[in-house]
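This report refers to the structure that appears directly beneath it.
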Amino acid sequence: MGSSVAQADRPETPAADRTNRSAALIATAVAVPVALLVGALALGNLSPDEPAAAPQPSATTPGPVSTAPVEMAAPQLAERPAVVCRALLSQLPDSYRDLPQRPVSAGPEQNAAYGDPAITIACGGDEPTLERDDHLYLVNSVCWFAVEGPDATELTTVDRETPVTLRVPHFYGEALQWASPVSATIVESVPSSDSAPAGCTS
């Protein structure tokens, strides 16, 4: 009696099986290096060659401040100016805006310094000699005379019983903006002069 088994039921030949395994191995061999290359490129994009630059300090965001004493002169004061200057210095804050106070080399009862480079406040110096056409600046009821130097602007009061000089390095920009905070303290601590220049009236 003849066989009734169909040809389709026979298993695949060994040659066909080897062909399928070879194709799978080739596909794997190609896919792995491609995946590694894509991963390396992605990692390179996430890790730039150079680190981001650190923010640099500015006038309103200073860097580390020196703790060394600031060199300042301390002329001998008469009794009345000495009393006035002590009153002014006792009212000055521990920081001037965001600038911390620093020690001074002489006369802490008449001198103060803040920040690095230092903004200084000196009480009891000489009042400037004014010319007829000199320009004066009225800031918070205090009259200032400005002298521009190579590295800083010096502002000196000309309407107070005892002169006060504010020295602002050019590093901090416009000097008059720094006169505003100290002017309020001067009004409270240093009496006005009876002989204030005419240009000091508001």
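Residue numbering restarts at 1 for every chain of the structure tokens, chains are lettered A, B, ... in their displayed order, and ligands are numbered from 1 as they appear.
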Checklist entry - Near range 130-134 of chain A, within 10 Å and counting only C-alpha atoms, which residues show up once chain neighbours fewer than 4 positions away are dropped, as a ChimeraX atom specification? => result /A:145-146,158,197,199
Could you dump the residues just selected with C-alpha atoms as a CSV table (one decimal), in the first residue's frame?
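This is the output file out-v1.csv:
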chain,number,residue,atom,x,y,z
A,145,PHE,CA,31.9,118.3,45.7
A,146,ALA,CA,33.5,115.7,43.4
A,158,VAL,CA,30.7,121.2,51.7
A,197,PRO,CA,27.6,127.3,49.5
A,199,GLY,CA,24.8,125.9,45.2
Using only C-alpha atoms, I'd like a table of the residues in range 153-197 of chain A that come within 12 Å of range 77-90 of chain A; for each, show the closest atom pair and its distance in Å rounded to one decimal, ordered by chain and ascending number, as a Markdown table.
| residue | atom | partner | partner_atom | distance |
| --- | --- | --- | --- | --- |
| A:Arg160 | CA | A:Val84 | CA | 10.5 |
| A:Glu161 | CA | A:Pro81 | CA | 8.1 |
| A:Thr162 | CA | A:Pro81 | CA | 5.9 |
| A:Pro163 | CA | A:Pro81 | CA | 8.9 |
| A:Val164 | CA | A:Cys85 | CA | 8.7 |
| A:Thr165 | CA | A:Cys85 | CA | 11.6 |
| A:Val182 | CA | A:Leu88 | CA | 9.7 |
| A:Ser183 | CA | A:Leu88 | CA | 10.7 |
| A:Ala184 | CA | A:Leu88 | CA | 10.7 |
| A:Thr185 | CA | A:Leu88 | CA | 7.0 |
| A:Ile186 | CA | A:Leu88 | CA | 6.6 |
| A:Val187 | CA | A:Leu88 | CA | 9.4 |
| A:Glu188 | CA | A:Leu88 | CA | 8.2 |
| A:Ser189 | CA | A:Leu88 | CA | 5.1 |
| A:Val190 | CA | A:Val84 | CA | 6.1 |
| A:Pro191 | CA | A:Val84 | CA | 8.3 |
| A:Ser192 | CA | A:Val84 | CA | 11.4 |
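With only C-alpha atoms as the atoms that count, the residue of A:Val70, A:Ala122, A:Pro128, A:Leu92 with the shortest distance to Ser105 in chain A is A:Val70.
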Next on the checklist: List the spatial neighbours of Thr67 in chain A as a list in words - criterion: any atom at most 10 Å away, only C-alpha atoms, same-chain residues fewer than 2 positions off excluded.
Outcome noted: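 The residues that qualify are Pro64, Val65, Pro69, Val70, Pro100, Gln101, Arg102, Pro103, Val104, Gly115 and Asp116 of chain A.
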For the selection you just gave me, I'd like the residues written to a file as an mmCIF file, in the first residue's frame, keeping N, CA and C atoms.
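Final output, saved to selection-v2.cif:
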data_model
loop_
_atom_site.group_PDB
_atom_site.id
_atom_site.type_symbol
_atom_site.label_atom_id
_atom_site.label_comp_id
_atom_site.auth_asym_id
_atom_site.auth_seq_id
_atom_site.Cartn_x
_atom_site.Cartn_y
_atom_site.Cartn_z
ATOM 1 N N PRO A 64 35.696 87.171 46.706
ATOM 2 C CA PRO A 64 36.246 87.143 48.066
ATOM 3 C C PRO A 64 36.840 88.498 48.450
ATOM 4 N N VAL A 65 36.517 88.966 49.638
ATOM 5 C CA VAL A 65 36.955 90.287 50.096
ATOM 6 C C VAL A 65 38.172 90.133 50.997
ATOM 7 N N PRO A 69 43.864 95.270 56.603
ATOM 8 C CA PRO A 69 43.466 96.653 56.882
ATOM 9 C C PRO A 69 43.672 97.554 55.663
ATOM 10 N N VAL A 70 42.746 98.466 55.470
ATOM 11 C CA VAL A 70 42.831 99.437 54.376
ATOM 12 C C VAL A 70 43.663 100.631 54.841
ATOM 13 N N PRO A 100 31.029 94.141 52.712
ATOM 14 C CA PRO A 100 31.308 94.029 54.149
ATOM 15 C C PRO A 100 32.346 95.056 54.599
ATOM 16 N N GLN A 101 32.250 95.453 55.857
ATOM 17 C CA GLN A 101 33.212 96.407 56.409
ATOM 18 C C GLN A 101 34.563 95.733 56.614
ATOM 19 N N ARG A 102 35.629 96.528 56.409
ATOM 20 C CA ARG A 102 36.998 96.044 56.600
ATOM 21 C C ARG A 102 37.700 96.896 57.648
ATOM 22 N N PRO A 103 38.729 96.347 58.299
ATOM 23 C CA PRO A 103 39.495 97.163 59.249
ATOM 24 C C PRO A 103 40.292 98.237 58.514
ATOM 25 N N VAL A 104 40.645 99.291 59.229
ATOM 26 C CA VAL A 104 41.463 100.365 58.663
ATOM 27 C C VAL A 104 42.793 100.420 59.406
ATOM 28 N N GLY A 115 34.437 96.657 51.350
ATOM 29 C CA GLY A 115 34.642 95.983 50.080
ATOM 30 C C GLY A 115 36.089 95.929 49.633
ATOM 31 N N ASP A 116 36.281 95.337 48.442
ATOM 32 C CA ASP A 116 37.604 95.162 47.863
ATOM 33 C C ASP A 116 37.467 95.211 46.344
#
Next on the checklist: Report, in Å to a single decimal, how far apart CA of His170 in chain A and CA of Ser66 in chain A are.
Outcome noted: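 Atom-to-atom, CA of Ser66 in chain A and CA of His170 in chain A are spaced 18.1 Å apart.
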Next on the checklist: Run DSSP on the backbone and tell me which residues of range 59-197 of chain A come out as strand (DSSP E); list them as an NGL selection string.
Outcome noted: :A and (95-96 or 99-102 or 111-114 or 119-123 or 136-139 or 142-148 or 152-157 or 164-169)
Please produce an output containing N, CA and C atoms for each residue in the selection, written as a compact mmCIF listing (two decimals), in the first residue's frame.
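The new file result-v8.txt reads:
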# COMPACT_ATOMS: atom_id res chain seq x y z
N SER A 95 27.77 96.67 56.87
CA SER A 95 27.99 96.47 55.44
C SER A 95 27.40 97.67 54.70
N TYR A 96 28.04 98.01 53.60
CA TYR A 96 27.63 99.15 52.79
C TYR A 96 27.03 98.58 51.53
N LEU A 99 28.60 95.26 50.50
CA LEU A 99 30.04 95.23 50.74
C LEU A 99 30.32 95.16 52.25
N PRO A 100 31.03 94.14 52.71
CA PRO A 100 31.31 94.03 54.15
C PRO A 100 32.35 95.06 54.60
N GLN A 101 32.25 95.45 55.86
CA GLN A 101 33.21 96.41 56.41
C GLN A 101 34.56 95.73 56.61
N ARG A 102 35.63 96.53 56.41
CA ARG A 102 37.00 96.04 56.60
C ARG A 102 37.70 96.90 57.65
N ASN A 111 37.53 106.81 60.52
CA ASN A 111 37.63 106.20 59.20
C ASN A 111 36.86 104.89 59.13
N ALA A 112 36.34 104.58 57.94
CA ALA A 112 35.69 103.29 57.69
C ALA A 112 35.98 102.87 56.26
N ALA A 113 35.97 101.56 56.02
CA ALA A 113 36.24 101.03 54.68
C ALA A 113 35.34 99.83 54.44
N TYR A 114 34.94 99.67 53.16
CA TYR A 114 34.03 98.58 52.78
C TYR A 114 34.47 97.99 51.45
N ILE A 119 35.85 100.98 49.26
CA ILE A 119 35.19 102.29 49.34
C ILE A 119 35.47 102.80 50.75
N THR A 120 35.97 104.03 50.86
CA THR A 120 36.34 104.55 52.18
C THR A 120 35.52 105.77 52.55
N ILE A 121 35.32 105.94 53.84
CA ILE A 121 34.65 107.11 54.42
C ILE A 121 35.59 107.69 55.45
N ALA A 122 35.99 108.94 55.23
CA ALA A 122 36.92 109.62 56.15
C ALA A 122 36.25 110.86 56.70
N CYS A 123 36.25 110.99 58.01
CA CYS A 123 35.61 112.12 58.67
C CYS A 123 36.67 113.04 59.27
N LEU A 136 28.27 121.41 42.23
CA LEU A 136 28.00 120.70 43.47
C LEU A 136 26.81 119.75 43.27
N TYR A 137 26.77 118.69 44.08
CA TYR A 137 25.73 117.68 43.93
C TYR A 137 24.99 117.52 45.25
N LEU A 138 23.68 117.69 45.20
CA LEU A 138 22.85 117.53 46.40
C LEU A 138 22.25 116.12 46.38
N VAL A 139 22.65 115.30 47.35
CA VAL A 139 22.18 113.91 47.43
C VAL A 139 21.60 113.67 48.82
N VAL A 142 22.42 116.24 51.43
CA VAL A 142 23.83 116.48 51.70
C VAL A 142 24.48 116.99 50.42
N CYS A 143 25.28 118.07 50.54
CA CYS A 143 25.91 118.70 49.39
C CYS A 143 27.34 118.19 49.23
N TRP A 144 27.66 117.65 48.04
CA TRP A 144 28.95 117.03 47.77
C TRP A 144 29.69 117.77 46.66
N PHE A 145 31.00 117.81 46.79
CA PHE A 145 31.89 118.31 45.74
C PHE A 145 32.74 117.13 45.27
N ALA A 146 32.81 116.92 43.96
CA ALA A 146 33.47 115.74 43.40
C ALA A 146 34.81 116.10 42.77
N VAL A 147 35.80 115.26 43.02
CA VAL A 147 37.11 115.37 42.37
C VAL A 147 37.41 114.01 41.74
N GLU A 148 37.61 114.02 40.42
CA GLU A 148 37.89 112.77 39.70
C GLU A 148 39.39 112.49 39.72
N ALA A 152 39.76 106.64 41.23
CA ALA A 152 38.58 106.77 42.07
C ALA A 152 38.05 108.20 42.01
N THR A 153 36.81 108.35 42.45
CA THR A 153 36.19 109.66 42.62
C THR A 153 36.10 109.96 44.10
N GLU A 154 36.53 111.16 44.50
CA GLU A 154 36.41 111.58 45.89
C GLU A 154 35.29 112.61 46.01
N LEU A 155 34.33 112.30 46.84
CA LEU A 155 33.21 113.20 47.12
C LEU A 155 33.38 113.72 48.54
N THR A 156 33.37 115.05 48.69
CA THR A 156 33.55 115.65 50.01
C THR A 156 32.37 116.57 50.30
N THR A 157 31.84 116.47 51.51
CA THR A 157 30.73 117.35 51.89
C THR A 157 31.23 118.79 52.03
N VAL A 164 33.18 115.36 55.49
CA VAL A 164 33.23 113.90 55.32
C VAL A 164 33.59 113.62 53.87
N THR A 165 34.57 112.74 53.66
CA THR A 165 35.00 112.40 52.30
C THR A 165 34.69 110.94 52.01
N LEU A 166 34.00 110.73 50.91
CA LEU A 166 33.67 109.40 50.43
C LEU A 166 34.50 109.13 49.17
N ARG A 167 35.34 108.11 49.22
CA ARG A 167 36.18 107.75 48.06
C ARG A 167 35.64 106.47 47.43
N VAL A 168 35.26 106.56 46.14
CA VAL A 168 34.64 105.44 45.44
C VAL A 168 35.52 105.04 44.25
N PRO A 169 36.15 103.86 44.27
CA PRO A 169 36.92 103.41 43.10
C PRO A 169 36.04 103.33 41.86
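Proximity of A:Thr129, A:Pro108, A:Asp98, A:Met72 to Trp178 in chain A, computed with only C-alpha atoms, is greatest for A:Asp98.
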